[in-house]
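See below for the structure under consideration.
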Amino acid sequence: MDIPQLTHVRVNVRDLATAVSWYERLLGVQAEGHWPPDNPTYAHFTLGPAQFALGQYEPAPATGARFNFEVGDVDEWWARLGPDADVVEPLFDTPYGTRKFTIRDCDGNELGFVQR
């Protein structure tokens, strides 16, 4: 059976520059692939084998999705959050053997950080 592989997801945002800056600070990597070059409405981050992209739309067609990122040290990621982080779920141990927390980005999308 030909099982599809997820290689790219896009978050809809209202202000690309604000979102790029927010995600660069959070993820610790620079955005790539700004398009179109003269007035970008799209950029992506290469995170392992997948791309996590931002697309600017006005109005944003939908926000409020949840994306989970698997990390090696979730406590370190939790410590990196600033006092202004919009925390949905504080750091905790799940009943199914992971440790995680969830925050919201500047457009209301939820980002879970999970350690197995």
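Identifiers in the structure tokens: chain A, B, ... in order shown; residue index from 1 per chain; ligand index from 1 in order shown.
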Exercise: region 111-115 of chain A partners within 10 Å, only C-alpha atoms, chain neighbours under 3 positions left out, as a PyMOL selection string: chain A and resi 64-75+77-78+87-89+91-94+97-105+108
Requested write-out: C-alpha atoms of the selected residues, as a compact mmCIF listing (two decimals), in the first residue's frame:
```
# COMPACT_ATOMS: atom_id res chain seq x y z
CA GLY A 64 -7.51 27.63 15.63
CA ALA A 65 -5.79 24.45 14.44
CA ARG A 66 -3.47 22.42 16.68
CA PHE A 67 0.00 21.27 15.67
CA ASN A 68 2.18 19.02 17.82
CA PHE A 69 5.97 19.13 17.66
CA GLU A 70 7.99 16.26 19.09
CA VAL A 71 11.06 17.56 20.95
CA GLY A 72 13.96 15.94 22.77
CA ASP A 73 13.72 17.99 25.99
CA VAL A 74 10.28 19.45 26.60
CA ASP A 75 11.37 20.98 29.92
CA TRP A 77 11.37 24.22 25.57
CA TRP A 78 9.04 25.13 28.46
CA VAL A 87 -0.37 28.98 27.63
CA VAL A 88 -3.26 26.62 26.87
CA GLU A 89 -1.93 23.65 28.86
CA LEU A 91 3.78 21.45 31.27
CA PHE A 92 2.48 18.09 32.54
CA ASP A 93 2.94 14.32 32.33
CA THR A 94 0.19 12.65 30.32
CA GLY A 97 3.53 8.28 28.79
CA THR A 98 4.48 11.63 27.27
CA ARG A 99 5.32 15.01 28.76
CA LYS A 100 3.90 18.08 27.04
CA PHE A 101 2.61 21.64 27.05
CA THR A 102 0.49 23.65 24.64
CA ILE A 103 0.61 27.36 23.75
CA ARG A 104 -1.19 29.62 21.24
CA ASP A 105 0.54 31.60 18.51
CA GLY A 108 -4.79 31.61 17.96
```
DSSP strand (DSSP E) residues within region 4-87 of chain A, as JSON, numbers by chain: {"A": [8, 9, 10, 11, 12, 13, 32, 33, 34, 35, 42, 43, 44, 45, 46, 47, 50, 51, 52, 53, 54, 55, 56, 66, 67, 68, 69, 70, 86, 87]}
Residue contacts of region 46-63 of chain A (9 Å, only C-alpha atoms) excluding same-chain residues fewer than 3 positions away, as a PyMOL selection string: chain A and resi 6-16+19-20+29-32+40-43+107-109
Next, dump the selected residues to file, keeping only N, CA and C atoms, as a PDB file, in the first residue's frame.
```pdb
ATOM      1  N   LEU A   6       3.343  12.965   5.399  1.00  0.00           N
ATOM      2  CA  LEU A   6       3.098  14.386   5.606  1.00  0.00           C
ATOM      3  C   LEU A   6       4.424  15.125   5.506  1.00  0.00           C
ATOM      4  N   THR A   7       4.540  16.025   4.545  1.00  0.00           N
ATOM      5  CA  THR A   7       5.792  16.750   4.336  1.00  0.00           C
ATOM      6  C   THR A   7       5.641  18.262   4.474  1.00  0.00           C
ATOM      7  N   HIS A   8       4.396  18.738   4.573  1.00  0.00           N
ATOM      8  CA  HIS A   8       4.186  20.181   4.567  1.00  0.00           C
ATOM      9  C   HIS A   8       2.834  20.497   5.191  1.00  0.00           C
ATOM     10  N   VAL A   9       2.822  21.431   6.132  1.00  0.00           N
ATOM     11  CA  VAL A   9       1.572  21.975   6.655  1.00  0.00           C
ATOM     12  C   VAL A   9       1.696  23.485   6.634  1.00  0.00           C
ATOM     13  N   ARG A  10       0.552  24.160   6.531  1.00  0.00           N
ATOM     14  CA  ARG A  10       0.554  25.617   6.500  1.00  0.00           C
ATOM     15  C   ARG A  10      -0.428  26.148   7.534  1.00  0.00           C
ATOM     16  N   VAL A  11       0.025  27.149   8.260  1.00  0.00           N
ATOM     17  CA  VAL A  11      -0.801  27.866   9.216  1.00  0.00           C
ATOM     18  C   VAL A  11      -1.253  29.154   8.544  1.00  0.00           C
ATOM     19  N   ASN A  12      -2.527  29.466   8.649  1.00  0.00           N
ATOM     20  CA  ASN A  12      -3.043  30.716   8.105  1.00  0.00           C
ATOM     21  C   ASN A  12      -2.847  31.822   9.134  1.00  0.00           C
ATOM     22  N   VAL A  13      -2.239  32.939   8.700  1.00  0.00           N
ATOM     23  CA  VAL A  13      -1.949  34.055   9.598  1.00  0.00           C
ATOM     24  C   VAL A  13      -2.456  35.354   8.991  1.00  0.00           C
ATOM     25  N   ARG A  14      -2.631  36.358   9.844  1.00  0.00           N
ATOM     26  CA  ARG A  14      -3.110  37.667   9.388  1.00  0.00           C
ATOM     27  C   ARG A  14      -1.968  38.596   9.000  1.00  0.00           C
ATOM     28  N   ASP A  15      -0.811  38.464   9.666  1.00  0.00           N
ATOM     29  CA  ASP A  15       0.325  39.352   9.435  1.00  0.00           C
ATOM     30  C   ASP A  15       1.578  38.480   9.337  1.00  0.00           C
ATOM     31  N   LEU A  16       2.081  38.293   8.135  1.00  0.00           N
ATOM     32  CA  LEU A  16       3.199  37.381   7.914  1.00  0.00           C
ATOM     33  C   LEU A  16       4.449  37.815   8.678  1.00  0.00           C
ATOM     34  N   ALA A  19       4.108  37.030  12.346  1.00  0.00           N
ATOM     35  CA  ALA A  19       4.124  35.579  12.568  1.00  0.00           C
ATOM     36  C   ALA A  19       5.518  34.992  12.341  1.00  0.00           C
ATOM     37  N   VAL A  20       6.204  35.423  11.285  1.00  0.00           N
ATOM     38  CA  VAL A  20       7.561  34.929  11.021  1.00  0.00           C
ATOM     39  C   VAL A  20       8.463  35.251  12.207  1.00  0.00           C
ATOM     40  N   VAL A  29      14.966  28.840  14.503  1.00  0.00           N
ATOM     41  CA  VAL A  29      15.453  28.700  13.124  1.00  0.00           C
ATOM     42  C   VAL A  29      14.846  29.820  12.282  1.00  0.00           C
ATOM     43  N   GLN A  30      15.537  30.149  11.197  1.00  0.00           N
ATOM     44  CA  GLN A  30      15.087  31.214  10.315  1.00  0.00           C
ATOM     45  C   GLN A  30      14.075  30.699   9.294  1.00  0.00           C
ATOM     46  N   ALA A  31      13.135  31.545   8.947  1.00  0.00           N
ATOM     47  CA  ALA A  31      12.174  31.215   7.896  1.00  0.00           C
ATOM     48  C   ALA A  31      12.884  31.223   6.547  1.00  0.00           C
ATOM     49  N   GLU A  32      12.383  30.404   5.635  1.00  0.00           N
ATOM     50  CA  GLU A  32      12.925  30.300   4.282  1.00  0.00           C
ATOM     51  C   GLU A  32      11.783  30.462   3.285  1.00  0.00           C
ATOM     52  N   PRO A  40       6.250  39.259   0.211  1.00  0.00           N
ATOM     53  CA  PRO A  40       5.903  37.892   0.601  1.00  0.00           C
ATOM     54  C   PRO A  40       4.583  37.769   1.359  1.00  0.00           C
ATOM     55  N   THR A  41       3.858  36.733   1.021  1.00  0.00           N
ATOM     56  CA  THR A  41       2.664  36.325   1.755  1.00  0.00           C
ATOM     57  C   THR A  41       2.808  34.879   2.220  1.00  0.00           C
ATOM     58  N   TYR A  42       4.000  34.305   2.029  1.00  0.00           N
ATOM     59  CA  TYR A  42       4.282  32.921   2.380  1.00  0.00           C
ATOM     60  C   TYR A  42       5.736  32.798   2.825  1.00  0.00           C
ATOM     61  N   ALA A  43       5.968  31.959   3.815  1.00  0.00           N
ATOM     62  CA  ALA A  43       7.321  31.576   4.239  1.00  0.00           C
ATOM     63  C   ALA A  43       7.209  30.227   4.922  1.00  0.00           C
ATOM     64  N   ASP A 107      -1.973  34.122  16.200  1.00  0.00           N
ATOM     65  CA  ASP A 107      -3.240  34.046  15.483  1.00  0.00           C
ATOM     66  C   ASP A 107      -4.200  33.032  16.092  1.00  0.00           C
ATOM     67  N   GLY A 108      -3.886  32.519  17.268  1.00  0.00           N
ATOM     68  CA  GLY A 108      -4.791  31.610  17.958  1.00  0.00           C
ATOM     69  C   GLY A 108      -4.594  30.138  17.642  1.00  0.00           C
ATOM     70  N   ASN A 109      -3.625  29.793  16.794  1.00  0.00           N
ATOM     71  CA  ASN A 109      -3.340  28.390  16.520  1.00  0.00           C
ATOM     72  C   ASN A 109      -2.631  27.780  17.725  1.00  0.00           C
TER      73      ASN A 109
END
```
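For the pair CA of His44 (chain A) and CA of Gln5 (chain A), the interatomic distance is 17.8 Å.
Using only C-alpha atoms, the shortest contact distance between Ala17 (chain A) and any of A:Ile3, A:Asp86, A:Asn39, A:Tyr96 is found at A:Asn39.
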DSSP-assigned alpha helix (DSSP H) among chain A, expressed as a PyMOL selection string: chain A and resi 16-27+74-80
